[in-house]
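J.: The file below is query-v2.txt, compact mmCIF, N, CA and C atoms:
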# COMPACT_ATOMS: atom_id res chain seq x y z
N LYS I 1 33.75 10.73 -0.30
CA LYS I 1 32.93 9.85 -1.14
C LYS I 1 32.09 8.95 -0.24
N VAL I 2 30.83 8.82 -0.59
CA VAL I 2 29.92 7.97 0.17
C VAL I 2 30.05 6.53 -0.32
N PRO I 3 30.27 5.58 0.58
CA PRO I 3 30.43 4.17 0.19
C PRO I 3 29.08 3.51 -0.08
N CYS I 4 28.54 3.73 -1.28
CA CYS I 4 27.20 3.23 -1.61
C CYS I 4 27.12 1.71 -1.57
N GLU I 5 28.15 1.04 -2.05
CA GLU I 5 28.14 -0.42 -2.04
C GLU I 5 28.09 -0.96 -0.61
N ASP I 6 28.83 -0.31 0.28
CA ASP I 6 28.81 -0.73 1.69
C ASP I 6 27.45 -0.46 2.33
N LEU I 7 26.84 0.66 1.98
CA LEU I 7 25.51 0.97 2.52
C LEU I 7 24.47 -0.03 2.03
N ARG I 8 24.55 -0.39 0.75
CA ARG I 8 23.61 -1.40 0.23
C ARG I 8 23.78 -2.72 0.96
N TYR I 9 25.02 -3.12 1.23
CA TYR I 9 25.26 -4.36 1.96
C TYR I 9 24.74 -4.25 3.38
N LEU I 10 24.97 -3.12 4.02
CA LEU I 10 24.52 -2.90 5.39
C LEU I 10 23.01 -3.01 5.50
N PHE I 11 22.30 -2.32 4.61
CA PHE I 11 20.84 -2.35 4.66
C PHE I 11 20.27 -3.66 4.15
N GLY I 12 20.76 -4.14 3.03
CA GLY I 12 20.17 -5.30 2.37
C GLY I 12 20.52 -6.63 3.00
N GLU I 13 21.74 -6.77 3.53
CA GLU I 13 22.16 -8.06 4.05
C GLU I 13 22.17 -8.11 5.58
N ILE I 14 22.57 -7.04 6.21
CA ILE I 14 22.71 -7.07 7.66
C ILE I 14 21.40 -6.67 8.35
N MET I 15 20.87 -5.48 8.02
CA MET I 15 19.69 -5.00 8.74
C MET I 15 18.41 -5.73 8.33
N TYR I 16 18.16 -5.87 7.02
CA TYR I 16 16.92 -6.48 6.56
C TYR I 16 17.12 -7.89 6.02
N GLY I 17 18.34 -8.25 5.70
CA GLY I 17 18.61 -9.53 5.08
C GLY I 17 18.14 -10.72 5.90
N GLY I 18 18.25 -10.67 7.21
CA GLY I 18 17.80 -11.77 8.05
C GLY I 18 16.31 -11.94 8.09
N HIS I 19 15.57 -10.89 7.73
CA HIS I 19 14.11 -10.94 7.73
C HIS I 19 13.55 -11.43 6.40
N ILE I 20 14.38 -11.44 5.37
CA ILE I 20 13.94 -11.86 4.05
C ILE I 20 14.31 -13.33 3.88
N THR I 21 13.31 -14.18 3.72
CA THR I 21 13.57 -15.62 3.63
C THR I 21 13.46 -16.16 2.21
N ASP I 22 12.79 -15.46 1.34
CA ASP I 22 12.60 -15.92 -0.02
C ASP I 22 13.69 -15.33 -0.92
N ASP I 23 14.25 -16.15 -1.80
CA ASP I 23 15.32 -15.68 -2.69
C ASP I 23 14.85 -14.59 -3.64
N TRP I 24 13.60 -14.70 -4.10
CA TRP I 24 13.08 -13.68 -5.02
C TRP I 24 12.87 -12.36 -4.28
N ASP I 25 12.46 -12.40 -3.02
CA ASP I 25 12.31 -11.17 -2.24
C ASP I 25 13.67 -10.53 -1.98
N ARG I 26 14.68 -11.36 -1.73
CA ARG I 26 16.03 -10.83 -1.52
C ARG I 26 16.53 -10.15 -2.80
N ARG I 27 16.25 -10.77 -3.92
CA ARG I 27 16.64 -10.20 -5.22
C ARG I 27 15.94 -8.86 -5.45
N LEU I 28 14.66 -8.79 -5.11
CA LEU I 28 13.91 -7.54 -5.24
C LEU I 28 14.48 -6.46 -4.33
N CYS I 29 14.81 -6.84 -3.10
CA CYS I 29 15.39 -5.88 -2.16
C CYS I 29 16.72 -5.33 -2.70
N ARG I 30 17.53 -6.20 -3.23
CA ARG I 30 18.82 -5.76 -3.81
C ARG I 30 18.58 -4.80 -4.99
N SER I 31 17.58 -5.10 -5.80
CA SER I 31 17.28 -4.23 -6.95
C SER I 31 16.87 -2.85 -6.49
N TYR I 32 16.00 -2.80 -5.46
CA TYR I 32 15.59 -1.50 -4.92
C TYR I 32 16.79 -0.73 -4.37
N LEU I 33 17.63 -1.42 -3.64
CA LEU I 33 18.79 -0.74 -3.05
C LEU I 33 19.75 -0.25 -4.12
N GLU I 34 19.94 -1.02 -5.19
CA GLU I 34 20.81 -0.57 -6.28
C GLU I 34 20.22 0.65 -6.99
N THR I 35 18.90 0.72 -7.03
CA THR I 35 18.25 1.85 -7.68
C THR I 35 18.32 3.11 -6.82
N TYR I 36 18.08 2.96 -5.51
CA TYR I 36 17.93 4.14 -4.66
C TYR I 36 19.19 4.54 -3.91
N ILE I 37 20.11 3.63 -3.68
CA ILE I 37 21.35 4.02 -3.01
C ILE I 37 22.46 3.99 -4.05
N ASN I 38 22.67 5.15 -4.63
CA ASN I 38 23.72 5.31 -5.64
C ASN I 38 24.23 6.75 -5.60
N PRO I 39 25.35 7.02 -6.22
CA PRO I 39 25.92 8.38 -6.15
C PRO I 39 25.00 9.46 -6.72
N ASP I 40 24.09 9.10 -7.63
CA ASP I 40 23.18 10.10 -8.20
C ASP I 40 22.26 10.72 -7.15
N MET I 41 21.99 9.98 -6.09
CA MET I 41 21.07 10.52 -5.09
C MET I 41 21.67 11.73 -4.37
N PHE I 42 22.99 11.83 -4.37
CA PHE I 42 23.63 12.98 -3.71
C PHE I 42 23.81 14.15 -4.67
N ASP I 43 23.63 13.89 -5.96
CA ASP I 43 23.71 14.96 -6.95
C ASP I 43 22.36 15.63 -7.15
N GLY I 44 21.30 15.04 -6.62
CA GLY I 44 19.96 15.59 -6.79
C GLY I 44 19.30 15.17 -8.09
N ASP I 45 19.88 14.17 -8.78
CA ASP I 45 19.32 13.75 -10.07
C ASP I 45 18.41 12.54 -9.95
N LEU I 46 18.18 12.04 -8.77
CA LEU I 46 17.39 10.82 -8.58
C LEU I 46 15.95 11.16 -8.25
N ASN I 47 15.01 10.48 -8.91
CA ASN I 47 13.60 10.62 -8.58
C ASN I 47 13.16 9.44 -7.73
N LEU I 48 12.53 9.72 -6.61
CA LEU I 48 12.00 8.65 -5.77
C LEU I 48 10.73 8.06 -6.35
N ALA I 49 10.02 8.86 -7.11
CA ALA I 49 8.82 8.45 -7.83
C ALA I 49 8.77 9.33 -9.08
N PRO I 50 7.93 8.97 -10.06
CA PRO I 50 7.84 9.82 -11.25
C PRO I 50 7.49 11.27 -10.87
N SER I 51 8.31 12.18 -11.30
CA SER I 51 8.20 13.62 -11.03
C SER I 51 8.24 13.96 -9.55
N PHE I 52 8.97 13.15 -8.77
CA PHE I 52 9.18 13.43 -7.35
C PHE I 52 10.66 13.27 -7.04
N PRO I 53 11.45 14.36 -7.24
CA PRO I 53 12.89 14.26 -7.02
C PRO I 53 13.22 14.12 -5.53
N ILE I 54 14.42 13.64 -5.28
CA ILE I 54 14.88 13.47 -3.91
C ILE I 54 14.93 14.84 -3.23
N PRO I 55 14.52 14.94 -1.98
CA PRO I 55 14.48 16.25 -1.32
C PRO I 55 15.88 16.78 -1.02
N PRO I 56 16.00 18.09 -0.88
CA PRO I 56 17.30 18.66 -0.51
C PRO I 56 17.61 18.35 0.96
N ASN I 57 18.85 18.53 1.35
CA ASN I 57 19.22 18.33 2.75
C ASN I 57 18.50 19.35 3.62
N THR I 58 17.82 18.87 4.65
CA THR I 58 17.06 19.74 5.54
C THR I 58 16.86 19.02 6.86
N ASP I 59 16.08 19.60 7.74
CA ASP I 59 15.81 18.97 9.02
C ASP I 59 14.54 18.10 8.93
N TYR I 60 14.16 17.50 10.04
CA TYR I 60 13.03 16.57 10.08
C TYR I 60 11.73 17.22 9.60
N LYS I 61 11.44 18.41 10.09
CA LYS I 61 10.21 19.11 9.68
C LYS I 61 10.27 19.49 8.21
N GLY I 62 11.46 19.82 7.72
CA GLY I 62 11.61 20.18 6.32
C GLY I 62 11.29 19.02 5.40
N TYR I 63 11.69 17.80 5.80
CA TYR I 63 11.35 16.61 5.00
C TYR I 63 9.84 16.38 4.97
N HIS I 64 9.20 16.53 6.11
CA HIS I 64 7.74 16.37 6.14
C HIS I 64 7.05 17.41 5.27
N GLN I 65 7.50 18.63 5.34
CA GLN I 65 6.91 19.69 4.53
C GLN I 65 7.14 19.42 3.04
N TYR I 66 8.33 18.95 2.69
CA TYR I 66 8.63 18.64 1.29
C TYR I 66 7.70 17.54 0.77
N ILE I 67 7.51 16.49 1.56
CA ILE I 67 6.63 15.39 1.16
C ILE I 67 5.20 15.88 1.01
N ASP I 68 4.72 16.67 1.97
CA ASP I 68 3.35 17.16 1.91
C ASP I 68 3.11 18.04 0.69
N GLU I 69 4.11 18.82 0.30
CA GLU I 69 3.93 19.77 -0.79
C GLU I 69 4.19 19.16 -2.17
N TYR I 70 5.16 18.27 -2.29
CA TYR I 70 5.62 17.84 -3.61
C TYR I 70 5.30 16.41 -4.00
N LEU I 71 4.85 15.57 -3.08
CA LEU I 71 4.54 14.19 -3.44
C LEU I 71 3.35 14.18 -4.39
N PRO I 72 3.49 13.52 -5.54
CA PRO I 72 2.37 13.50 -6.50
C PRO I 72 1.20 12.70 -5.94
N PRO I 73 -0.01 12.95 -6.45
CA PRO I 73 -1.17 12.21 -5.95
C PRO I 73 -1.03 10.72 -6.25
N GLU I 74 -1.61 9.92 -5.39
CA GLU I 74 -1.51 8.47 -5.55
C GLU I 74 -2.25 8.04 -6.82
N SER I 75 -1.55 7.25 -7.63
CA SER I 75 -2.13 6.75 -8.87
C SER I 75 -1.40 5.47 -9.25
N PRO I 76 -1.99 4.66 -10.12
CA PRO I 76 -1.29 3.45 -10.56
C PRO I 76 0.05 3.76 -11.23
N TYR I 77 0.11 4.87 -11.94
CA TYR I 77 1.34 5.26 -12.62
C TYR I 77 2.48 5.44 -11.62
N LEU I 78 2.16 5.94 -10.44
CA LEU I 78 3.15 6.16 -9.39
C LEU I 78 3.81 4.85 -8.98
N TYR I 79 3.07 3.74 -9.07
CA TYR I 79 3.59 2.43 -8.69
C TYR I 79 4.03 1.61 -9.91
N GLY I 80 4.05 2.21 -11.08
CA GLY I 80 4.47 1.51 -12.28
C GLY I 80 3.40 0.60 -12.84
N LEU I 81 2.14 0.85 -12.51
CA LEU I 81 1.04 0.02 -12.99
C LEU I 81 0.29 0.72 -14.12
N HIS I 82 -0.49 -0.05 -14.84
CA HIS I 82 -1.34 0.47 -15.89
C HIS I 82 -2.53 1.20 -15.25
N PRO I 83 -3.05 2.28 -15.85
CA PRO I 83 -4.19 3.00 -15.27
C PRO I 83 -5.42 2.12 -15.04
N ASN I 84 -5.58 1.04 -15.82
CA ASN I 84 -6.72 0.15 -15.61
C ASN I 84 -6.66 -0.59 -14.28
N ALA I 85 -5.50 -0.64 -13.65
CA ALA I 85 -5.39 -1.30 -12.35
C ALA I 85 -6.27 -0.59 -11.32
N GLU I 86 -6.33 0.72 -11.39
CA GLU I 86 -7.17 1.47 -10.46
C GLU I 86 -8.64 1.23 -10.75
N ILE I 87 -9.00 1.14 -12.01
CA ILE I 87 -10.40 0.89 -12.38
C ILE I 87 -10.85 -0.45 -11.83
N ASP I 88 -10.03 -1.47 -11.98
CA ASP I 88 -10.36 -2.80 -11.46
C ASP I 88 -10.50 -2.78 -9.94
N PHE I 89 -9.58 -2.12 -9.26
CA PHE I 89 -9.64 -2.03 -7.80
C PHE I 89 -10.91 -1.32 -7.34
N LEU I 90 -11.22 -0.18 -7.96
CA LEU I 90 -12.42 0.58 -7.57
C LEU I 90 -13.70 -0.19 -7.89
N THR I 91 -13.73 -0.91 -9.00
CA THR I 91 -14.90 -1.72 -9.36
C THR I 91 -15.13 -2.82 -8.32
N THR I 92 -14.08 -3.52 -7.96
CA THR I 92 -14.19 -4.59 -6.97
C THR I 92 -14.63 -4.04 -5.62
N THR I 93 -14.06 -2.92 -5.21
CA THR I 93 -14.42 -2.31 -3.93
C THR I 93 -15.88 -1.88 -3.92
N SER I 94 -16.34 -1.26 -4.99
CA SER I 94 -17.74 -0.80 -5.02
C SER I 94 -18.71 -1.97 -5.06
N GLU I 95 -18.36 -3.04 -5.80
CA GLU I 95 -19.23 -4.22 -5.81
C GLU I 95 -19.36 -4.84 -4.42
N THR I 96 -18.26 -4.91 -3.72
CA THR I 96 -18.28 -5.46 -2.35
C THR I 96 -19.13 -4.57 -1.43
N LEU I 97 -18.97 -3.26 -1.56
CA LEU I 97 -19.74 -2.34 -0.74
C LEU I 97 -21.23 -2.49 -0.99
N PHE I 98 -21.64 -2.48 -2.25
CA PHE I 98 -23.07 -2.57 -2.57
C PHE I 98 -23.65 -3.93 -2.22
N ARG I 99 -22.88 -5.00 -2.38
CA ARG I 99 -23.35 -6.33 -1.99
C ARG I 99 -23.60 -6.38 -0.48
N THR I 100 -22.71 -5.78 0.30
CA THR I 100 -22.87 -5.75 1.75
C THR I 100 -24.08 -4.93 2.15
N VAL I 101 -24.28 -3.78 1.51
CA VAL I 101 -25.44 -2.94 1.82
C VAL I 101 -26.73 -3.69 1.49
N LEU I 102 -26.76 -4.38 0.36
CA LEU I 102 -27.97 -5.14 -0.01
C LEU I 102 -28.24 -6.28 0.98
N GLU I 103 -27.20 -6.93 1.46
CA GLU I 103 -27.39 -8.01 2.42
C GLU I 103 -27.94 -7.50 3.75
N LEU I 104 -27.66 -6.25 4.07
CA LEU I 104 -28.11 -5.69 5.34
C LEU I 104 -29.53 -5.13 5.28
N GLN I 105 -30.09 -5.00 4.09
CA GLN I 105 -31.44 -4.47 3.96
C GLN I 105 -32.44 -5.47 4.53
N PRO I 106 -33.44 -4.96 5.27
CA PRO I 106 -34.46 -5.87 5.81
C PRO I 106 -35.33 -6.42 4.68
N ARG I 107 -35.75 -7.64 4.83
CA ARG I 107 -36.59 -8.29 3.83
C ARG I 107 -37.96 -8.55 4.44
N ASP I 108 -38.97 -8.47 3.60
CA ASP I 108 -40.33 -8.76 4.04
C ASP I 108 -40.54 -10.26 3.95
N ALA I 109 -40.59 -10.93 5.10
CA ALA I 109 -40.66 -12.39 5.12
C ALA I 109 -42.10 -12.89 5.11
N GLY I 110 -43.07 -12.04 5.17
CA GLY I 110 -44.46 -12.48 5.18
C GLY I 110 -44.99 -12.57 6.59
N ALA I 111 -46.28 -12.78 6.71
CA ALA I 111 -46.93 -12.77 8.02
C ALA I 111 -46.61 -14.02 8.83
N GLY I 112 -46.45 -15.17 8.19
CA GLY I 112 -46.23 -16.41 8.92
C GLY I 112 -44.95 -16.39 9.72
N ALA I 113 -43.87 -15.90 9.14
CA ALA I 113 -42.60 -15.87 9.83
C ALA I 113 -42.60 -14.83 10.94
N ALA I 114 -43.32 -13.74 10.74
CA ALA I 114 -43.35 -12.69 11.74
C ALA I 114 -44.09 -13.16 12.98
N GLU I 115 -45.13 -13.99 12.80
CA GLU I 115 -45.89 -14.45 13.95
C GLU I 115 -45.11 -15.47 14.76
N SER I 116 -44.28 -16.26 14.11
CA SER I 116 -43.56 -17.30 14.84
C SER I 116 -42.31 -16.76 15.53
N GLY I 117 -41.93 -15.53 15.24
CA GLY I 117 -40.78 -14.93 15.91
C GLY I 117 -39.44 -15.38 15.35
N SER I 118 -39.41 -15.89 14.13
CA SER I 118 -38.15 -16.39 13.57
C SER I 118 -37.36 -15.31 12.83
N LEU I 119 -37.87 -14.10 12.75
CA LEU I 119 -37.14 -13.03 12.08
C LEU I 119 -35.98 -12.57 12.97
N THR I 120 -34.83 -12.31 12.36
CA THR I 120 -33.69 -11.81 13.12
C THR I 120 -33.69 -10.30 13.07
N SER I 121 -33.16 -9.71 14.10
CA SER I 121 -33.09 -8.25 14.15
C SER I 121 -31.99 -7.77 13.21
N ARG I 122 -32.03 -6.49 12.89
CA ARG I 122 -31.03 -5.90 12.01
C ARG I 122 -29.63 -6.04 12.62
N GLU I 123 -29.52 -5.85 13.94
CA GLU I 123 -28.23 -5.96 14.60
C GLU I 123 -27.66 -7.38 14.49
N GLU I 124 -28.52 -8.38 14.63
CA GLU I 124 -28.07 -9.77 14.52
C GLU I 124 -27.59 -10.07 13.10
N LYS I 125 -28.30 -9.54 12.13
CA LYS I 125 -27.91 -9.77 10.74
C LYS I 125 -26.57 -9.11 10.43
N ILE I 126 -26.35 -7.90 10.96
CA ILE I 126 -25.08 -7.21 10.76
C ILE I 126 -23.94 -8.00 11.40
N LYS I 127 -24.17 -8.51 12.60
CA LYS I 127 -23.13 -9.32 13.25
C LYS I 127 -22.82 -10.58 12.44
N THR I 128 -23.84 -11.19 11.86
CA THR I 128 -23.63 -12.39 11.05
C THR I 128 -22.80 -12.07 9.82
N VAL I 129 -23.15 -10.98 9.12
CA VAL I 129 -22.42 -10.60 7.91
C VAL I 129 -20.99 -10.21 8.25
N LEU I 130 -20.80 -9.46 9.32
CA LEU I 130 -19.45 -9.07 9.72
C LEU I 130 -18.63 -10.28 10.13
N GLY I 131 -19.25 -11.21 10.84
CA GLY I 131 -18.55 -12.43 11.24
C GLY I 131 -18.11 -13.24 10.05
N ARG I 132 -18.95 -13.31 9.02
CA ARG I 132 -18.59 -14.03 7.80
C ARG I 132 -17.43 -13.36 7.08
N SER I 133 -17.43 -12.03 7.02
CA SER I 133 -16.37 -11.34 6.30
C SER I 133 -15.05 -11.47 7.03
N PHE I 134 -15.04 -11.55 8.36
CA PHE I 134 -13.78 -11.74 9.09
C PHE I 134 -13.28 -13.16 8.95
N VAL I 135 -14.19 -14.13 8.86
CA VAL I 135 -13.78 -15.51 8.70
C VAL I 135 -13.15 -15.74 7.33
N LEU I 136 -13.68 -15.09 6.29
CA LEU I 136 -13.17 -15.26 4.94
C LEU I 136 -11.77 -14.69 4.77
N ARG I 137 -11.42 -13.70 5.54
CA ARG I 137 -10.11 -13.07 5.40
C ARG I 137 -9.14 -13.85 6.19
Using structure tokens, write down the structure that the file contains.

T.:
Amino acid sequence: KVPCEDLRYLFGEIMYGGHITDDWDRRLCRSYLETYINPDMFDGDLNLAPSFPIPPNTDYKGYHQYIDEYLPPESPYLYGLHPNAEIDFLTTTSETLFRTVLELQPRDAGAGAAESGSLTSREEKIKTVLGRSFVLR
């Protein structure tokens, strides 16, 4: 018999427990361990993700092959989220991308600015935009 309770204590309190400082994170870690380290995982009845059962006993390459062949495509459902979560993420990402592309487009500043030499080069503008995005993060 596999001592599941001892394994949960070993992983949750000894190995990772010292790295978890927040009580809510510790509670979450315990919940994950109770879900994934249980006797059902040795019977083959446990799913690691929706429609992704635990792999059979095999060697290192066999596990990689199993994951490559049977892991379902990434989706919000896989993480227990609503499908609209992906729509919101993709919308935000595309807006950021297009805003950055528009900021990098050269603008016609008129003849007066061009004669005085106050126009910045495209490379300088890119460095400015990139510098701003790193500062914000």

J.: Using only N, CA and C atoms, determine which residues lie at most 6.5 Å from stretch 72-87 of chain I, disregarding the query and same-chain residues fewer than 2 positions distant; provide the list as JSON, numbers by chain.

T.: {"I": [49, 50, 51, 52, 70, 89, 90, 91, 92]}

J.: Record the distance separating atom CA of I:Pro55 and atom CA of I:Glu13, expressed in Å with one decimal.

T.: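 Atom CA of I:Glu13 lies 26.1 Å from atom CA of I:Pro55.
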
J.: As an exercise, work out the distance from atom C of I:Leu7 to atom CA of I:Glu34 in Å and give it to one decimal place.

T.: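 A separation of 9.1 Å between them.
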
J.: Around all of stretch 49-67 of chain I's listed atoms, make the axis-aligned box with 3 Å on each side and tell me centre and edge lengths in Å to one decimal, as JSON.

T.:
{"center_x": 12.2, "center_y": 14.3, "center_z": -0.6, "size_x": 20.0, "size_y": 17.7, "size_z": 27.4}

J.: When you look at I:Tyr66 with a cut-off of 12 Å (counting only C-alpha atoms), what residues show up, excluding the ones that are within fewer than 4 positions of it in the same chain? I need them as a list of chain:residue names.

T.: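 Counting only C-alpha atoms, the residues come to I:Phe52, I:Pro53, I:Ile54, I:Pro55, I:Pro56, I:Asn57, I:Thr58, I:Asp59, I:Tyr60, I:Lys61, I:Gly62, I:Tyr70, I:Leu71, I:Pro72.
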
J.: Run DSSP on the backbone and give me the residues of chain I it puts in alpha helix (DSSP H), as an MDAnalysis selection string.

T.: chainID I and resid 4:9 23:36 40:43 60:70 84:104 111:116 122:136

J.: If I take atom N of I:Arg30 and atom C of I:Gly12, how far is one from the other in Å, to one decimal?

T.: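 One can read the atom N of I:Arg30 to atom C of I:Gly12 distance as 6.9 Å.
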
J.: For stretch 2-16 of chain I, supply N, CA, C and O atoms and report the output as a JSON list (two decimals), in the frame of the given file.

T.:
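File produced: result-v3.json:
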[["chain", "number", "residue", "atom", "x", "y", "z"],
["I", 2, "VAL", "N", 30.83, 8.82, -0.59],
["I", 2, "VAL", "CA", 29.92, 7.97, 0.17],
["I", 2, "VAL", "C", 30.05, 6.53, -0.32],
["I", 2, "VAL", "O", 29.93, 6.27, -1.52],
["I", 3, "PRO", "N", 30.27, 5.58, 0.58],
["I", 3, "PRO", "CA", 30.43, 4.17, 0.19],
["I", 3, "PRO", "C", 29.08, 3.51, -0.08],
["I", 3, "PRO", "O", 28.53, 2.78, 0.75],
["I", 4, "CYS", "N", 28.54, 3.73, -1.28],
["I", 4, "CYS", "CA", 27.20, 3.23, -1.61],
["I", 4, "CYS", "C", 27.12, 1.71, -1.57],
["I", 4, "CYS", "O", 26.13, 1.15, -1.09],
["I", 5, "GLU", "N", 28.15, 1.04, -2.05],
["I", 5, "GLU", "CA", 28.14, -0.42, -2.04],
["I", 5, "GLU", "C", 28.09, -0.96, -0.61],
["I", 5, "GLU", "O", 27.36, -1.90, -0.30],
["I", 6, "ASP", "N", 28.83, -0.31, 0.28],
["I", 6, "ASP", "CA", 28.81, -0.73, 1.69],
["I", 6, "ASP", "C", 27.45, -0.46, 2.33],
["I", 6, "ASP", "O", 26.96, -1.26, 3.13],
["I", 7, "LEU", "N", 26.84, 0.66, 1.98],
["I", 7, "LEU", "CA", 25.51, 0.97, 2.52],
["I", 7, "LEU", "C", 24.47, -0.03, 2.03],
["I", 7, "LEU", "O", 23.61, -0.47, 2.79],
["I", 8, "ARG", "N", 24.55, -0.39, 0.75],
["I", 8, "ARG", "CA", 23.61, -1.40, 0.23],
["I", 8, "ARG", "C", 23.78, -2.72, 0.96],
["I", 8, "ARG", "O", 22.80, -3.39, 1.30],
["I", 9, "TYR", "N", 25.02, -3.12, 1.23],
["I", 9, "TYR", "CA", 25.26, -4.36, 1.96],
["I", 9, "TYR", "C", 24.74, -4.25, 3.38],
["I", 9, "TYR", "O", 24.10, -5.18, 3.90],
["I", 10, "LEU", "N", 24.97, -3.12, 4.02],
["I", 10, "LEU", "CA", 24.52, -2.90, 5.39],
["I", 10, "LEU", "C", 23.01, -3.01, 5.50],
["I", 10, "LEU", "O", 22.48, -3.73, 6.36],
["I", 11, "PHE", "N", 22.30, -2.32, 4.61],
["I", 11, "PHE", "CA", 20.84, -2.35, 4.66],
["I", 11, "PHE", "C", 20.27, -3.66, 4.15],
["I", 11, "PHE", "O", 19.37, -4.24, 4.75],
["I", 12, "GLY", "N", 20.76, -4.14, 3.03],
["I", 12, "GLY", "CA", 20.17, -5.30, 2.37],
["I", 12, "GLY", "C", 20.52, -6.63, 3.00],
["I", 12, "GLY", "O", 19.70, -7.55, 2.99],
["I", 13, "GLU", "N", 21.74, -6.77, 3.53],
["I", 13, "GLU", "CA", 22.16, -8.06, 4.05],
["I", 13, "GLU", "C", 22.17, -8.11, 5.58],
["I", 13, "GLU", "O", 21.82, -9.12, 6.16],
["I", 14, "ILE", "N", 22.57, -7.04, 6.21],
["I", 14, "ILE", "CA", 22.71, -7.07, 7.66],
["I", 14, "ILE", "C", 21.40, -6.67, 8.35],
["I", 14, "ILE", "O", 20.86, -7.43, 9.16],
["I", 15, "MET", "N", 20.87, -5.48, 8.02],
["I", 15, "MET", "CA", 19.69, -5.00, 8.74],
["I", 15, "MET", "C", 18.41, -5.73, 8.33],
["I", 15, "MET", "O", 17.64, -6.15, 9.18],
["I", 16, "TYR", "N", 18.16, -5.87, 7.02],
["I", 16, "TYR", "CA", 16.92, -6.48, 6.56],
["I", 16, "TYR", "C", 17.12, -7.89, 6.02],
["I", 16, "TYR", "O", 16.17, -8.63, 5.87]]
